[in-house]
file protein_31.txt (compact mmCIF, N, CA and C atoms)
# COMPACT_ATOMS: atom_id res chain seq x y z
N MET U 1 14.56 -12.80 0.22
CA MET U 1 13.95 -12.37 1.46
C MET U 1 14.99 -12.25 2.55
N THR U 2 14.80 -11.28 3.42
CA THR U 2 15.73 -11.13 4.52
C THR U 2 15.26 -11.98 5.70
N GLU U 3 16.18 -12.52 6.42
CA GLU U 3 15.85 -13.39 7.55
C GLU U 3 15.11 -12.65 8.66
N SER U 4 15.52 -11.43 8.98
CA SER U 4 14.99 -10.74 10.14
C SER U 4 13.54 -10.29 9.98
N THR U 5 13.10 -9.98 8.77
CA THR U 5 11.75 -9.47 8.59
C THR U 5 10.86 -10.39 7.81
N GLY U 6 11.42 -11.35 7.10
CA GLY U 6 10.63 -12.20 6.24
C GLY U 6 10.16 -11.48 4.98
N LEU U 7 10.70 -10.30 4.73
CA LEU U 7 10.33 -9.49 3.57
C LEU U 7 11.54 -9.23 2.70
N ASP U 8 11.31 -9.20 1.39
CA ASP U 8 12.41 -8.79 0.55
C ASP U 8 12.58 -7.28 0.62
N PRO U 9 13.70 -6.75 0.21
CA PRO U 9 13.96 -5.31 0.34
C PRO U 9 12.93 -4.42 -0.37
N GLU U 10 12.39 -4.88 -1.49
CA GLU U 10 11.39 -4.08 -2.21
C GLU U 10 10.08 -3.99 -1.43
N ASP U 11 9.68 -5.07 -0.76
CA ASP U 11 8.47 -5.03 0.06
C ASP U 11 8.71 -4.18 1.31
N ARG U 12 9.88 -4.29 1.89
CA ARG U 12 10.22 -3.46 3.05
C ARG U 12 10.17 -1.98 2.65
N LYS U 13 10.63 -1.68 1.44
CA LYS U 13 10.63 -0.29 0.95
C LYS U 13 9.22 0.28 0.88
N ILE U 14 8.26 -0.48 0.33
CA ILE U 14 6.91 0.09 0.23
C ILE U 14 6.25 0.23 1.60
N ILE U 15 6.60 -0.63 2.55
CA ILE U 15 6.09 -0.44 3.92
C ILE U 15 6.67 0.84 4.50
N THR U 16 7.96 1.06 4.31
CA THR U 16 8.60 2.28 4.81
C THR U 16 7.99 3.53 4.18
N LEU U 17 7.73 3.49 2.88
CA LEU U 17 7.10 4.63 2.20
C LEU U 17 5.70 4.88 2.74
N ALA U 18 4.93 3.82 2.94
CA ALA U 18 3.58 3.96 3.48
C ALA U 18 3.61 4.52 4.89
N ARG U 19 4.54 4.04 5.67
CA ARG U 19 4.68 4.53 7.05
C ARG U 19 5.03 6.01 7.07
N SER U 20 5.91 6.43 6.18
CA SER U 20 6.30 7.84 6.09
C SER U 20 5.13 8.72 5.68
N ALA U 21 4.33 8.26 4.72
CA ALA U 21 3.16 9.04 4.28
C ALA U 21 2.18 9.23 5.42
N ARG U 22 1.95 8.18 6.18
CA ARG U 22 1.03 8.25 7.32
C ARG U 22 1.53 9.26 8.35
N ALA U 23 2.79 9.17 8.69
CA ALA U 23 3.36 10.06 9.70
C ALA U 23 3.42 11.51 9.22
N ARG U 24 3.85 11.70 7.99
CA ARG U 24 4.00 13.05 7.44
C ARG U 24 2.67 13.79 7.39
N ASN U 25 1.61 13.09 7.06
CA ASN U 25 0.30 13.72 6.89
C ASN U 25 -0.59 13.62 8.13
N GLY U 26 -0.15 12.89 9.13
CA GLY U 26 -0.91 12.77 10.36
C GLY U 26 -2.30 12.16 10.15
N VAL U 27 -2.36 11.12 9.31
CA VAL U 27 -3.63 10.49 8.98
C VAL U 27 -3.67 9.05 9.48
N ALA U 28 -4.84 8.43 9.36
CA ALA U 28 -5.03 7.08 9.88
C ALA U 28 -4.22 6.02 9.12
N GLU U 29 -4.06 6.22 7.81
CA GLU U 29 -3.37 5.22 7.00
C GLU U 29 -2.43 5.85 5.99
N GLY U 30 -1.37 5.12 5.71
CA GLY U 30 -0.49 5.44 4.60
C GLY U 30 -0.39 4.20 3.74
N ALA U 31 -0.20 4.38 2.45
CA ALA U 31 -0.11 3.22 1.55
C ALA U 31 0.92 3.49 0.46
N ALA U 32 1.43 2.42 -0.09
CA ALA U 32 2.31 2.50 -1.25
C ALA U 32 2.08 1.26 -2.10
N VAL U 33 2.14 1.45 -3.41
CA VAL U 33 2.01 0.33 -4.33
C VAL U 33 3.21 0.34 -5.27
N ARG U 34 3.56 -0.85 -5.78
CA ARG U 34 4.66 -0.99 -6.74
C ARG U 34 4.09 -1.59 -8.01
N ASP U 35 4.35 -0.91 -9.14
CA ASP U 35 3.80 -1.41 -10.40
C ASP U 35 4.73 -2.42 -11.06
N GLU U 36 4.34 -2.85 -12.25
CA GLU U 36 5.08 -3.89 -12.96
C GLU U 36 6.47 -3.47 -13.40
N THR U 37 6.75 -2.17 -13.41
CA THR U 37 8.07 -1.68 -13.79
C THR U 37 8.94 -1.35 -12.59
N GLY U 38 8.38 -1.50 -11.38
CA GLY U 38 9.12 -1.18 -10.17
C GLY U 38 8.87 0.23 -9.65
N ARG U 39 8.08 1.03 -10.37
CA ARG U 39 7.76 2.38 -9.88
C ARG U 39 6.84 2.27 -8.68
N THR U 40 7.00 3.21 -7.76
CA THR U 40 6.16 3.22 -6.56
C THR U 40 5.28 4.46 -6.54
N TYR U 41 4.13 4.31 -5.93
CA TYR U 41 3.16 5.39 -5.77
C TYR U 41 2.76 5.38 -4.30
N VAL U 42 2.83 6.55 -3.67
CA VAL U 42 2.62 6.66 -2.24
C VAL U 42 1.44 7.60 -1.98
N ALA U 43 0.60 7.24 -1.02
CA ALA U 43 -0.56 8.07 -0.72
C ALA U 43 -0.94 7.95 0.75
N ALA U 44 -1.77 8.89 1.16
CA ALA U 44 -2.32 8.89 2.52
C ALA U 44 -3.85 8.94 2.40
N THR U 45 -4.52 8.71 3.50
CA THR U 45 -5.97 8.81 3.54
C THR U 45 -6.40 10.19 3.08
N VAL U 46 -7.46 10.25 2.28
CA VAL U 46 -8.04 11.52 1.83
C VAL U 46 -9.37 11.69 2.55
N GLU U 47 -9.50 12.76 3.32
CA GLU U 47 -10.73 13.04 4.07
C GLU U 47 -11.17 14.46 3.80
N LEU U 48 -11.91 14.65 2.72
CA LEU U 48 -12.50 15.94 2.39
C LEU U 48 -14.01 15.84 2.55
N PRO U 49 -14.68 16.97 2.70
CA PRO U 49 -16.15 16.88 2.83
C PRO U 49 -16.81 16.14 1.66
N SER U 50 -16.29 16.32 0.46
CA SER U 50 -16.92 15.70 -0.71
C SER U 50 -16.16 14.50 -1.26
N LEU U 51 -15.04 14.13 -0.67
CA LEU U 51 -14.24 13.02 -1.17
C LEU U 51 -13.54 12.30 -0.03
N LYS U 52 -13.85 11.03 0.11
CA LYS U 52 -13.19 10.21 1.13
C LYS U 52 -12.63 8.96 0.45
N LEU U 53 -11.31 8.81 0.55
CA LEU U 53 -10.63 7.65 -0.04
C LEU U 53 -9.64 7.08 0.96
N SER U 54 -9.57 5.77 1.00
CA SER U 54 -8.53 5.16 1.82
C SER U 54 -7.19 5.43 1.17
N ALA U 55 -6.16 5.28 1.94
CA ALA U 55 -4.81 5.47 1.42
C ALA U 55 -4.51 4.49 0.28
N LEU U 56 -4.95 3.25 0.43
CA LEU U 56 -4.65 2.24 -0.59
C LEU U 56 -5.38 2.54 -1.90
N ARG U 57 -6.66 2.90 -1.82
CA ARG U 57 -7.39 3.22 -3.04
C ARG U 57 -6.80 4.46 -3.71
N THR U 58 -6.32 5.41 -2.92
CA THR U 58 -5.68 6.60 -3.48
C THR U 58 -4.38 6.21 -4.20
N ALA U 59 -3.58 5.34 -3.59
CA ALA U 59 -2.33 4.91 -4.23
C ALA U 59 -2.60 4.14 -5.52
N VAL U 60 -3.62 3.29 -5.52
CA VAL U 60 -3.97 2.56 -6.74
C VAL U 60 -4.42 3.54 -7.82
N ALA U 61 -5.24 4.52 -7.45
CA ALA U 61 -5.70 5.52 -8.42
C ALA U 61 -4.52 6.31 -8.99
N MET U 62 -3.55 6.64 -8.17
CA MET U 62 -2.36 7.35 -8.64
C MET U 62 -1.59 6.49 -9.65
N ALA U 63 -1.48 5.21 -9.37
CA ALA U 63 -0.77 4.31 -10.29
C ALA U 63 -1.50 4.24 -11.63
N VAL U 64 -2.81 4.08 -11.59
CA VAL U 64 -3.59 4.01 -12.82
C VAL U 64 -3.46 5.32 -13.61
N ALA U 65 -3.58 6.44 -12.91
CA ALA U 65 -3.49 7.75 -13.57
C ALA U 65 -2.11 7.99 -14.17
N SER U 66 -1.11 7.29 -13.67
CA SER U 66 0.26 7.44 -14.19
C SER U 66 0.59 6.41 -15.27
N GLY U 67 -0.37 5.58 -15.62
CA GLY U 67 -0.16 4.63 -16.71
C GLY U 67 0.24 3.23 -16.31
N ALA U 68 0.22 2.91 -15.02
CA ALA U 68 0.57 1.55 -14.60
C ALA U 68 -0.41 0.55 -15.21
N GLU U 69 0.11 -0.56 -15.66
CA GLU U 69 -0.73 -1.60 -16.25
C GLU U 69 -1.00 -2.75 -15.30
N SER U 70 -0.19 -2.85 -14.24
CA SER U 70 -0.34 -3.93 -13.28
C SER U 70 0.36 -3.53 -11.97
N LEU U 71 0.03 -4.22 -10.91
CA LEU U 71 0.70 -4.02 -9.62
C LEU U 71 1.37 -5.31 -9.20
N GLU U 72 2.57 -5.17 -8.66
CA GLU U 72 3.26 -6.32 -8.07
C GLU U 72 2.91 -6.47 -6.60
N ALA U 73 2.83 -5.33 -5.89
CA ALA U 73 2.61 -5.37 -4.45
C ALA U 73 2.01 -4.07 -3.96
N ALA U 74 1.37 -4.16 -2.80
CA ALA U 74 0.79 -3.00 -2.13
C ALA U 74 1.06 -3.14 -0.64
N ALA U 75 1.24 -2.01 0.02
CA ALA U 75 1.44 -2.02 1.47
C ALA U 75 0.58 -0.93 2.10
N VAL U 76 0.01 -1.25 3.25
CA VAL U 76 -0.78 -0.30 4.02
C VAL U 76 -0.23 -0.31 5.44
N VAL U 77 -0.04 0.89 5.99
CA VAL U 77 0.34 1.02 7.39
C VAL U 77 -0.87 1.62 8.10
N SER U 78 -1.35 0.89 9.08
CA SER U 78 -2.59 1.27 9.75
C SER U 78 -2.69 0.59 11.10
N GLU U 79 -3.58 1.09 11.94
CA GLU U 79 -3.88 0.40 13.19
C GLU U 79 -4.96 -0.66 12.99
N ALA U 80 -5.55 -0.69 11.81
CA ALA U 80 -6.61 -1.67 11.51
C ALA U 80 -6.06 -3.09 11.54
N ALA U 81 -6.92 -4.02 11.93
CA ALA U 81 -6.53 -5.43 11.97
C ALA U 81 -6.69 -6.10 10.60
N VAL U 82 -7.60 -5.59 9.78
CA VAL U 82 -7.84 -6.12 8.45
C VAL U 82 -8.12 -4.97 7.50
N LEU U 83 -7.91 -5.21 6.23
CA LEU U 83 -8.18 -4.20 5.21
C LEU U 83 -9.64 -4.29 4.75
N ALA U 84 -10.19 -3.15 4.36
CA ALA U 84 -11.54 -3.12 3.81
C ALA U 84 -11.57 -3.90 2.51
N GLU U 85 -12.70 -4.55 2.24
CA GLU U 85 -12.85 -5.32 1.01
C GLU U 85 -12.64 -4.46 -0.23
N ALA U 86 -13.08 -3.20 -0.18
CA ALA U 86 -12.92 -2.30 -1.33
C ALA U 86 -11.45 -2.02 -1.60
N ASP U 87 -10.62 -1.97 -0.57
CA ASP U 87 -9.19 -1.76 -0.75
C ASP U 87 -8.55 -2.96 -1.44
N VAL U 88 -8.88 -4.14 -0.96
CA VAL U 88 -8.35 -5.36 -1.56
C VAL U 88 -8.82 -5.47 -3.01
N ALA U 89 -10.08 -5.14 -3.25
CA ALA U 89 -10.62 -5.22 -4.61
C ALA U 89 -9.89 -4.28 -5.56
N ALA U 90 -9.55 -3.08 -5.10
CA ALA U 90 -8.83 -2.12 -5.95
C ALA U 90 -7.48 -2.68 -6.38
N VAL U 91 -6.77 -3.31 -5.45
CA VAL U 91 -5.48 -3.91 -5.78
C VAL U 91 -5.68 -5.07 -6.76
N ARG U 92 -6.66 -5.90 -6.51
CA ARG U 92 -6.93 -7.05 -7.37
C ARG U 92 -7.35 -6.60 -8.78
N ASP U 93 -8.10 -5.49 -8.89
CA ASP U 93 -8.51 -4.98 -10.20
C ASP U 93 -7.30 -4.71 -11.09
N LEU U 94 -6.25 -4.16 -10.51
CA LEU U 94 -5.07 -3.80 -11.30
C LEU U 94 -3.98 -4.87 -11.24
N GLY U 95 -3.84 -5.52 -10.10
CA GLY U 95 -2.73 -6.45 -9.93
C GLY U 95 -3.08 -7.92 -10.04
N GLY U 96 -4.36 -8.24 -10.05
CA GLY U 96 -4.76 -9.63 -10.10
C GLY U 96 -4.55 -10.33 -8.76
N PRO U 97 -4.85 -11.62 -8.71
CA PRO U 97 -4.77 -12.35 -7.44
C PRO U 97 -3.35 -12.57 -6.94
N GLY U 98 -2.35 -12.41 -7.80
CA GLY U 98 -0.97 -12.66 -7.40
C GLY U 98 -0.27 -11.48 -6.75
N ALA U 99 -0.87 -10.31 -6.79
CA ALA U 99 -0.24 -9.13 -6.19
C ALA U 99 -0.24 -9.27 -4.67
N ALA U 100 0.91 -9.09 -4.07
CA ALA U 100 1.01 -9.18 -2.61
C ALA U 100 0.38 -7.94 -1.98
N ILE U 101 -0.38 -8.16 -0.91
CA ILE U 101 -0.95 -7.05 -0.14
C ILE U 101 -0.43 -7.20 1.28
N LEU U 102 0.34 -6.21 1.71
CA LEU U 102 0.97 -6.23 3.03
C LEU U 102 0.27 -5.24 3.94
N LEU U 103 -0.06 -5.66 5.14
CA LEU U 103 -0.62 -4.78 6.16
C LEU U 103 0.37 -4.73 7.30
N ALA U 104 0.75 -3.51 7.67
CA ALA U 104 1.74 -3.32 8.74
C ALA U 104 1.20 -2.38 9.80
N SER U 105 1.71 -2.54 10.99
CA SER U 105 1.35 -1.66 12.10
C SER U 105 2.04 -0.31 11.91
N PRO U 106 1.63 0.71 12.68
CA PRO U 106 2.30 2.01 12.59
C PRO U 106 3.81 1.93 12.88
N ALA U 107 4.24 0.92 13.60
CA ALA U 107 5.67 0.72 13.87
C ALA U 107 6.39 0.09 12.68
N GLY U 108 5.63 -0.34 11.67
CA GLY U 108 6.24 -0.95 10.49
C GLY U 108 6.33 -2.46 10.55
N THR U 109 5.74 -3.07 11.58
CA THR U 109 5.76 -4.51 11.74
C THR U 109 4.68 -5.15 10.88
N LEU U 110 5.04 -6.11 10.06
CA LEU U 110 4.08 -6.80 9.21
C LEU U 110 3.08 -7.55 10.07
N THR U 111 1.78 -7.30 9.83
CA THR U 111 0.72 -8.00 10.58
C THR U 111 -0.03 -9.01 9.73
N SER U 112 -0.07 -8.79 8.41
CA SER U 112 -0.67 -9.78 7.52
C SER U 112 -0.15 -9.61 6.12
N ARG U 113 -0.24 -10.71 5.36
CA ARG U 113 0.19 -10.71 3.95
C ARG U 113 -0.75 -11.63 3.18
N THR U 114 -1.25 -11.11 2.06
CA THR U 114 -2.04 -11.93 1.16
C THR U 114 -1.42 -11.85 -0.22
N GLY U 115 -1.66 -12.86 -1.02
CA GLY U 115 -1.14 -12.85 -2.38
C GLY U 115 0.28 -13.29 -2.49
call {"tool": "encode", "arguments": {"input": "protein_31.txt", "output": "C-alpha cells"}}
result
Amino acid sequence: MTESTGLDPEDRKIITLARSARARNGVAEGAAVRDETGRTYVAATVELPSLKLSALRTAVAMAVASGAESLEAAAVVSEAAVLAEADVAAVRDLGGPGAAILLASPAGTLTSRTG
C-alpha cells in the first residue's frame, strides 16, 4: 500500500479506470473490476429506454461474459454516498465476501471501502 492514498497501485488503477469511464461517457458513474487473473473490465452507467444498468453491474457482467471466475476488487466513481445493494450483491456473487469494493468521489478520492 502507498502511504499517500492508503491504496495499493492495483486498487488505485481501477479507481483511475472508473474515473476515466465516467468522464469519457459523461455519465453518473464509472466502474472497474479486477478478476482473479488481474484482468480489468471497465464500464459506465447504461441508460437506455429498455435497459438500465449501474456502472458496477455492467462491469461485473462484462467480466462474467469474458470468462472471469472470481473478482479481487471493484471500484466505483460516483457522487453517491453509498452503493446500491444490488451493486454490492453483484460483486459478492462473483467475488465473494473478500472482494474489496471501493467507492470514490469524481475527484478520485476514496470515500469508502468494504471487503
call {"tool": "atom_distance", "arguments": {"input": "protein_31.txt", "atom1": "atom N of Gly95 of chain U", "atom2": "atom N of Pro49 of chain U"}}
result
28.1 Å
call {"tool": "residues_around", "arguments": {"input": "protein_31.txt", "residues": "Val33 of chain U", "least_positions_apart": "3", "cutoff": "6 Å", "atoms": "only C-alpha atoms", "output": "PDB file with N, CA and C atoms, in the coordinates of the input"}}
result
ATOM      1  N   THR U  40       7.000   3.210  -7.760  1.00  0.00           N
ATOM      2  CA  THR U  40       6.160   3.220  -6.560  1.00  0.00           C
ATOM      3  C   THR U  40       5.280   4.460  -6.540  1.00  0.00           C
ATOM      4  N   TYR U  41       4.130   4.310  -5.930  1.00  0.00           N
ATOM      5  CA  TYR U  41       3.160   5.390  -5.770  1.00  0.00           C
ATOM      6  C   TYR U  41       2.760   5.380  -4.300  1.00  0.00           C
ATOM      7  N   ALA U  73       2.830  -5.330  -5.890  1.00  0.00           N
ATOM      8  CA  ALA U  73       2.610  -5.370  -4.450  1.00  0.00           C
ATOM      9  C   ALA U  73       2.010  -4.070  -3.960  1.00  0.00           C
ATOM     10  N   ALA U  74       1.370  -4.160  -2.800  1.00  0.00           N
ATOM     11  CA  ALA U  74       0.790  -3.000  -2.130  1.00  0.00           C
ATOM     12  C   ALA U  74       1.060  -3.140  -0.640  1.00  0.00           C
TER      13      ALA U  74
END
call {"tool": "atom_distance", "arguments": {"input": "protein_31.txt", "atom1": "atom N of Val46 of chain U", "atom2": "atom CA of Pro106 of chain U"}}
result
16.4 Å
call {"tool": "closest_residue", "arguments": {"input": "protein_31.txt", "among": "U:Leu110, U:Leu56, U:Ala43, U:Val82", "to": "Arg24 of chain U", "atoms": "only C-alpha atoms"}}
result
U:Ala43
call {"tool": "residues_around", "arguments": {"input": "protein_31.txt", "residues": "Gly108 of chain U", "least_positions_apart": "4", "cutoff": "7 Å", "atoms": "all atoms listed in the file", "output": "count of residues only"}}
result
5
call {"tool": "closest_residue", "arguments": {"input": "protein_31.txt", "among": "U:Val88, U:Ala81, U:Ala44, U:Ala99", "to": "Thr111 of chain U", "atoms": "all atoms listed in the file"}}
result
U:Ala81
call {"tool": "residues_around", "arguments": {"input": "protein_31.txt", "residues": "segment 83-87 of chain U", "least_positions_apart": "2", "cutoff": "9 Å", "atoms": "only C-alpha atoms", "output": "list in words"}}
result
Ser54, Ala55, Leu56, Arg57, Val76, Ala80, Ala81, Ala89, Ala90, Val91, Arg92 and Leu103 of chain U
call {"tool": "closest_residue", "arguments": {"input": "protein_31.txt", "among": "U:Asp11, U:Ser112, U:Gly26, U:Ala100", "to": "Glu72 of chain U", "atoms": "all atoms listed in the file"}}
result
U:Ala100
call {"tool": "select_by_dssp", "arguments": {"input": "protein_31.txt", "residues": "segment 16-64 of chain U", "states": "alpha helix (DSSP H)", "output": "JSON, numbers by chain"}}
result
{"U": [16, 17, 18, 19, 20, 21, 22, 23, 24, 25, 55, 56, 57, 58, 59, 60, 61, 62, 63, 64]}
call {"tool": "closest_residue", "arguments": {"input": "protein_31.txt", "among": "U:Thr58, U:Leu7, U:Ser78, U:Ser50", "to": "Gly30 of chain U", "atoms": "all atoms listed in the file"}}
result
U:Ser78
call {"tool": "atom_distance", "arguments": {"input": "protein_31.txt", "atom1": "atom C of Ala21 of chain U", "atom2": "atom C of Val42 of chain U"}}
result
7.6 Å
